[in-house]
Amino acid sequence: MSLRHVLRRLTLALPAWCLLALLAWSFTVTGVLADNRLHEATVTVENRDRPAREAGFERAMDKVLVKLSGDRQVLRDPRVDDLRGQAGRHVQRFRYVDVGDGAVGLEVRFDGGALERLLMERGLPVWGANRPGLMVWLGAVHEGERVILGGEEGRELMEALERVADERGLQLVFPVMDLEDRAAVNFADLSGGFHEPVLRASERYSARYVAAVYVQPRGDAWSARWRLLSQDLREDYQIESDSLEGVLDEGLQTLADLLGRRLAIAGLLPTEDHVQVVVEGVDDMETYQMVRRYLSELSVVVEIRPYRLEPDRAVFVTQLRGSPRDLERGVRLGTVLEMAEAGAEPPGPGAMASVNLRLSR
């Protein structure tokens with residue numbers, strides 16, 4: 001599809017209330033994703049028979065593993081072979097949906113807590129639901145026409161990017177392209193690779209990570225230069241494809257891999273130099289993230305990594321600037337956690353020191 005054809009099909013004006021809603025949404029770029037975005041996937045199947053459904057479960061599992069780990073390379077890791085081979089065991093529910101063109105779609109929801117726990121137990125990364133928003137500035141040119149996505153421009157291209165973002169569990173934010181945005185970033189900034197104006201313009205959206213993209217035709221093919229930017233990061237890469245959709249899809253997939261490798265929490269096999277921390281009462285991802293953040297901010301904690309997620313509790317492995325007693329003293333000074341009695345069989349290797357905590361009542 002040519003850019004000219006896309007532009008012809010764009011809506012030329014939006015009702016005022018739509019634009020105001022877009023403004024309000026665009027300025028909110030962080031938050032916790034809904035579980036179904038991370039633990040669900042939809043695939044097409046040949047029919048509604050059991051063999052086709054089982055094959056669909058495996059393909060859906062692949063999508064969810066990529067989404068949870070943040071990296072497509074996870075599918076090449078032999079540590080997930082058993083998960084992929086027994087995908088049906090982890091299905092919570094499924095349903096058939098209409099995906100258009102007469103195809104049969106299978107929407108599958110997996111037991112996300114179990115999958116995250118199994119990934120961590122295998123020492124594999126898990127990218128939780130608390131993900132930063134990604135600001136996207138994309139400039140494209142075709143047959144002399146230039147456009148920067150945002151506001152009323154490039155709605156279909158934004159929707160194409162959103163479909164990939166949903167597949168990877170990303171939250172995209174596009175500029176509203178009001179007078180302030182147009183004064184801050186012009187087409188030359190994107191085509192010329194000048195990232196300083198793009199980063200400055202993204203500050204009003206409180207965006208931690210920014211994608212600056214320039215797309216142009218190359219004969220019968222398309223080329224896109226992608227830049228992933230933040231205050232301490234710059235990653236550049238080139239994507240070539242025979243279609244406009246191809247450079248957008250693969251470009252955003254690659255960017256998601258880069259972010260996942262940077263932000264996902266790698267599993268950690270404990271050693272005798274580490275202390276295990278068990279926190280009772282952790283029954284959702286929001287509480288889990290809060291507890292992990294609280295522990296990481298204690299002065300005695302040098303490093304903290306997730307080890308296991310279990311029903312109603314989380315297990316971390318920490319490296320301390322002192323002894324477990326120092327950690328206990330630090331916890332007693334706060335109001336978030338309190339000491340808990342050790343269970344009859346503390347999880348993890350018996351030789352490793354363990355501190356047992358629970359949410360304060």
# chains A, B, ... in the order shown; residues from 1 in each chain; ligands from 1

call {"tool": "closest_atom_pairs", "arguments": {"of": "range 114-233 of chain A", "to": "range 240-255 of chain A", "cutoff": "8 Å", "atoms": "only C-alpha atoms", "output": "CSV"}}
result
residue,atom,partner,partner_atom,distance
A:Ala160,CA,A:Glu245,CA,7.3
A:Leu161,CA,A:Leu248,CA,6.6
A:Val164,CA,A:Asp249,CA,6.3
A:Ala165,CA,A:Leu252,CA,7.5
A:Arg168,CA,A:Gln253,CA,7.6
A:Asp220,CA,A:Asp242,CA,6.7
A:Ala221,CA,A:Asp242,CA,4.2
A:Trp222,CA,A:Ser241,CA,5.3
A:Ser223,CA,A:Glu240,CA,4.6
A:Ala224,CA,A:Val247,CA,6.0
A:Trp226,CA,A:Gly251,CA,6.8
A:Leu228,CA,A:Leu255,CA,7.0

call {"tool": "residues_around", "arguments": {"residues": "range 329-332 of chain A", "least_positions_apart": "2", "cutoff": "12 Å", "atoms": "only C-alpha atoms", "output": "MDAnalysis selection string"}}
result
chainID A and resid 277 279 291 294:301 320:327 334:340 355:360

call {"tool": "write_last_selection", "arguments": {"atoms": "C-alpha atoms", "output": "short mmCIF file (atom, residue, chain, number, x, y, z; two decimals), in the first residue's frame"}}
result
data_model
loop_
_atom_site.label_atom_id
_atom_site.label_comp_id
_atom_site.auth_asym_id
_atom_site.auth_seq_id
_atom_site.Cartn_x
_atom_site.Cartn_y
_atom_site.Cartn_z
CA VAL A 277 13.41 -12.84 51.12
CA VAL A 279 7.00 -11.85 51.37
CA VAL A 291 7.01 -4.62 47.41
CA TYR A 294 10.12 -0.79 48.53
CA LEU A 295 12.76 -3.43 49.22
CA SER A 296 15.08 -2.07 46.53
CA GLU A 297 15.00 1.37 48.18
CA LEU A 298 16.18 0.09 51.58
CA SER A 299 19.77 1.21 52.17
CA VAL A 300 20.84 -2.29 53.19
CA VAL A 301 19.80 -3.80 49.83
CA LEU A 320 22.86 -7.06 51.22
CA ARG A 321 25.31 -4.51 52.63
CA GLY A 322 25.18 -6.36 55.90
CA SER A 323 23.45 -9.31 57.46
CA PRO A 324 19.85 -10.50 57.38
CA ARG A 325 19.44 -8.84 60.80
CA ASP A 326 20.24 -5.49 59.18
CA LEU A 327 17.47 -6.09 56.67
CA GLY A 334 8.91 1.22 57.93
CA THR A 335 5.20 0.58 57.72
CA VAL A 336 4.94 -1.45 54.50
CA LEU A 337 6.24 -4.83 55.70
CA GLU A 338 6.60 -6.64 58.99
CA MET A 339 8.29 -9.80 60.18
CA ALA A 340 6.53 -13.13 59.63
CA VAL A 355 14.14 -13.53 55.82
CA ASN A 356 10.38 -14.02 56.10
CA LEU A 357 8.16 -10.95 55.79
CA ARG A 358 4.51 -10.11 55.22
CA LEU A 359 2.50 -7.07 54.28
CA SER A 360 1.76 -4.90 57.30
#

call {"tool": "residues_around", "arguments": {"residues": "range 117-128 of chain A", "least_positions_apart": "4", "cutoff": "10 Å", "atoms": "only C-alpha atoms", "output": "PyMOL selection string"}}
result
chain A and resi 32-33+35+38+65-71+74+77+79-80+83+112-113+169+259-269+285-286+288-289+305-310+314

call {"tool": "write_last_selection", "arguments": {"atoms": "N, CA and C atoms", "output": "compact mmCIF listing (two decimals), in the first residue's frame"}}
result
# COMPACT_ATOMS: atom_id res chain seq x y z
N VAL A 32 0.03 0.35 34.48
CA VAL A 32 0.05 -1.10 34.50
C VAL A 32 -0.89 -1.63 33.43
N LEU A 33 -0.37 -2.48 32.57
CA LEU A 33 -1.19 -3.06 31.51
C LEU A 33 -2.21 -4.03 32.11
N ASP A 35 -4.04 -7.46 32.55
CA ASP A 35 -3.48 -8.81 32.46
C ASP A 35 -3.74 -9.44 31.11
N LEU A 38 -1.16 -9.16 28.41
CA LEU A 38 0.06 -9.92 28.53
C LEU A 38 -0.17 -11.43 28.44
N LEU A 65 4.64 -16.07 25.36
CA LEU A 65 6.01 -16.17 25.88
C LEU A 65 6.87 -15.00 25.40
N VAL A 66 6.70 -14.62 24.14
CA VAL A 66 7.43 -13.47 23.61
C VAL A 66 7.00 -12.20 24.34
N LYS A 67 5.70 -12.06 24.56
CA LYS A 67 5.18 -10.87 25.23
C LYS A 67 5.69 -10.79 26.67
N LEU A 68 5.70 -11.92 27.38
CA LEU A 68 6.11 -11.92 28.78
C LEU A 68 7.61 -11.74 28.95
N SER A 69 8.39 -12.33 28.06
CA SER A 69 9.85 -12.24 28.19
C SER A 69 10.39 -10.96 27.59
N GLY A 70 9.66 -10.37 26.64
CA GLY A 70 10.13 -9.15 25.99
C GLY A 70 11.09 -9.38 24.86
N ASP A 71 11.29 -10.64 24.44
CA ASP A 71 12.31 -10.92 23.42
C ASP A 71 11.88 -12.13 22.60
N VAL A 74 13.39 -15.82 22.94
CA VAL A 74 13.02 -16.79 23.96
C VAL A 74 12.52 -18.08 23.32
N ASP A 77 15.10 -20.76 22.98
CA ASP A 77 15.74 -21.23 24.21
C ASP A 77 15.16 -22.59 24.59
N ARG A 79 14.98 -24.00 27.26
CA ARG A 79 14.34 -24.01 28.58
C ARG A 79 12.83 -23.81 28.50
N VAL A 80 12.32 -23.40 27.34
CA VAL A 80 10.86 -23.23 27.21
C VAL A 80 10.24 -24.33 26.36
N LEU A 83 7.27 -25.99 28.00
CA LEU A 83 6.09 -25.12 28.09
C LEU A 83 5.36 -25.08 26.76
N GLY A 112 -1.33 -16.60 33.58
CA GLY A 112 -0.16 -15.74 33.52
C GLY A 112 0.75 -15.89 34.72
N GLY A 113 0.17 -16.00 35.92
CA GLY A 113 1.01 -16.15 37.11
C GLY A 113 1.86 -17.40 37.05
N GLY A 169 2.68 -6.15 23.90
CA GLY A 169 2.42 -5.58 25.22
C GLY A 169 3.06 -4.22 25.42
N LEU A 259 13.86 -3.09 24.00
CA LEU A 259 13.32 -2.65 25.29
C LEU A 259 13.20 -3.82 26.26
N GLY A 260 12.74 -4.96 25.77
CA GLY A 260 12.59 -6.11 26.64
C GLY A 260 13.91 -6.55 27.24
N ARG A 261 14.95 -6.58 26.43
CA ARG A 261 16.26 -6.99 26.94
C ARG A 261 16.79 -6.01 27.97
N ARG A 262 16.37 -4.77 27.87
CA ARG A 262 16.83 -3.74 28.80
C ARG A 262 16.01 -3.72 30.09
N LEU A 263 14.71 -3.96 29.98
CA LEU A 263 13.83 -3.73 31.12
C LEU A 263 13.31 -5.00 31.79
N ALA A 264 13.32 -6.13 31.10
CA ALA A 264 12.83 -7.37 31.73
C ALA A 264 13.77 -7.78 32.85
N ILE A 265 13.19 -8.44 33.85
CA ILE A 265 13.95 -8.88 35.01
C ILE A 265 14.39 -10.31 34.78
N ALA A 266 15.69 -10.51 34.77
CA ALA A 266 16.20 -11.86 34.52
C ALA A 266 16.06 -12.71 35.77
N GLY A 267 15.73 -13.97 35.57
CA GLY A 267 15.71 -14.90 36.69
C GLY A 267 17.12 -15.07 37.24
N LEU A 268 17.21 -15.45 38.50
CA LEU A 268 18.51 -15.55 39.14
C LEU A 268 18.56 -16.81 39.99
N LEU A 269 19.51 -17.68 39.72
CA LEU A 269 19.71 -18.83 40.57
C LEU A 269 20.51 -18.39 41.79
N MET A 285 0.03 -8.28 40.64
CA MET A 285 1.24 -7.67 40.11
C MET A 285 1.48 -6.28 40.68
N GLU A 286 0.41 -5.55 40.98
CA GLU A 286 0.59 -4.21 41.54
C GLU A 286 1.26 -4.28 42.90
N TYR A 288 3.05 -6.81 43.99
CA TYR A 288 4.40 -7.33 43.75
C TYR A 288 5.37 -6.22 43.38
N GLN A 289 4.96 -5.35 42.45
CA GLN A 289 5.83 -4.26 42.03
C GLN A 289 6.09 -3.29 43.18
N ARG A 305 16.43 -9.43 43.06
CA ARG A 305 15.93 -10.08 41.86
C ARG A 305 14.76 -10.99 42.23
N PRO A 306 13.74 -11.08 41.37
CA PRO A 306 12.68 -12.06 41.61
C PRO A 306 13.24 -13.47 41.49
N TYR A 307 12.76 -14.38 42.33
CA TYR A 307 13.16 -15.78 42.23
C TYR A 307 11.97 -16.67 41.90
N ARG A 308 10.87 -16.50 42.66
CA ARG A 308 9.68 -17.28 42.38
C ARG A 308 8.45 -16.46 42.73
N LEU A 309 7.38 -16.69 42.00
CA LEU A 309 6.06 -16.18 42.36
C LEU A 309 5.19 -17.37 42.71
N GLU A 310 4.59 -17.32 43.88
CA GLU A 310 3.76 -18.41 44.34
C GLU A 310 2.41 -17.84 44.77
N ALA A 314 5.61 -13.81 47.30
CA ALA A 314 6.69 -13.62 46.32
C ALA A 314 8.01 -13.95 47.00

call {"tool": "select_by_dssp", "arguments": {"residues": "range 70-206 of chain A", "states": "helix (DSSP H, G or I)", "output": "PyMOL selection string"}}
result
chain A and resi 72-76+78-85+87-90+112-121+155-168+179-184+187-191+195-205

call {"tool": "write_last_selection", "arguments": {"atoms": "C-alpha atoms", "output": "CSV table (one decimal), in the first residue's frame"}}
result
chain,number,residue,atom,x,y,z
A,72,ARG,CA,11.5,-13.1,20.4
A,73,GLN,CA,14.7,-15.1,21.0
A,74,VAL,CA,13.0,-16.8,24.0
A,75,LEU,CA,11.4,-19.2,21.5
A,76,ARG,CA,14.9,-20.5,20.6
A,78,PRO,CA,15.5,-25.0,25.1
A,79,ARG,CA,14.3,-24.0,28.6
A,80,VAL,CA,10.9,-23.2,27.2
A,81,ASP,CA,10.5,-26.4,25.1
A,82,ASP,CA,8.4,-28.1,27.7
A,83,LEU,CA,6.1,-25.1,28.1
A,84,ARG,CA,5.5,-24.9,24.4
A,85,GLY,CA,4.9,-28.6,24.1
A,87,ALA,CA,0.6,-25.3,26.0
A,88,GLY,CA,-2.9,-26.7,26.6
A,89,ARG,CA,-2.1,-27.4,30.3
A,90,HIS,CA,-1.8,-23.7,31.0
A,112,GLY,CA,-0.2,-15.7,33.5
A,113,GLY,CA,1.0,-16.1,37.1
A,114,ALA,CA,2.0,-19.7,36.5
A,115,LEU,CA,3.9,-18.9,33.3
A,116,GLU,CA,5.8,-16.0,34.9
A,117,ARG,CA,6.7,-18.3,37.8
A,118,LEU,CA,7.9,-21.0,35.4
A,119,LEU,CA,10.0,-18.6,33.4
A,120,MET,CA,11.6,-17.2,36.5
A,121,GLU,CA,12.3,-20.7,37.8
A,155,ARG,CA,-4.5,7.3,11.3
A,156,GLU,CA,-4.2,3.9,9.4
A,157,LEU,CA,-0.5,3.8,10.0
A,158,MET,CA,-0.9,4.4,13.7
A,159,GLU,CA,-3.5,1.6,13.8
A,160,ALA,CA,-1.0,-0.7,12.1
A,161,LEU,CA,1.6,0.1,14.7
A,162,GLU,CA,-0.9,-0.3,17.5
A,163,ARG,CA,-1.7,-3.9,16.3
A,164,VAL,CA,2.0,-4.8,16.7
A,165,ALA,CA,2.2,-3.0,20.0
A,166,ASP,CA,-0.7,-5.0,21.3
A,167,GLU,CA,1.0,-8.2,20.2
A,168,ARG,CA,4.1,-7.2,22.2
A,179,LEU,CA,1.0,24.1,17.3
A,180,GLU,CA,3.5,23.3,20.0
A,181,ASP,CA,4.5,19.9,18.5
A,182,ARG,CA,4.8,21.4,15.0
A,183,ALA,CA,7.1,24.1,16.3
A,184,ALA,CA,9.2,21.7,18.2
A,187,PHE,CA,10.1,16.6,9.1
A,188,ALA,CA,13.8,17.5,8.6
A,189,ASP,CA,14.5,16.5,12.3
A,190,LEU,CA,13.2,13.0,11.5
A,191,SER,CA,14.7,12.5,8.1
A,195,HIS,CA,17.2,13.5,18.0
A,196,GLU,CA,17.7,16.4,20.4
A,197,PRO,CA,14.6,18.3,19.2
A,198,VAL,CA,12.6,15.0,19.4
A,199,LEU,CA,13.7,14.3,22.9
A,200,ARG,CA,12.9,17.8,24.0
A,201,ALA,CA,9.4,17.7,22.4
A,202,SER,CA,8.7,14.4,24.1
A,203,GLU,CA,9.2,15.9,27.6
A,204,ARG,CA,5.7,17.3,27.6
A,205,TYR,CA,4.4,13.8,27.3

call {"tool": "select_by_dssp", "arguments": {"residues": "range 242-344 of chain A", "states": "strand (DSSP E)", "output": "PyMOL selection string"}}
result
chain A and resi 275-280+301-310+313-320+337-339

call {"tool": "closest_residue", "arguments": {"among": "A:Phe110, A:Tyr209, A:Phe57, A:Tyr96", "to": "Gln171 in chain A", "atoms": "only C-alpha atoms"}}
result
A:Tyr209

call {"tool": "atom_distance", "arguments": {"atom1": "CA of Leu106 in chain A", "atom2": "CA of Ala256 in chain A"}}
result
24.2 Å

call {"tool": "atom_distance", "arguments": {"atom1": "CA of Leu134 in chain A", "atom2": "CA of Ile239 in chain A"}}
result
18.9 Å

call {"tool": "atom_distance", "arguments": {"atom1": "CA of Asp236 in chain A", "atom2": "CA of Arg208 in chain A"}}
result
17.1 Å

call {"tool": "closest_residue", "arguments": {"among": "A:Arg225, A:Ala211, A:Arg109, A:Ser354", "to": "Leu258 in chain A", "atoms": "only C-alpha atoms"}}
result
A:Ala211
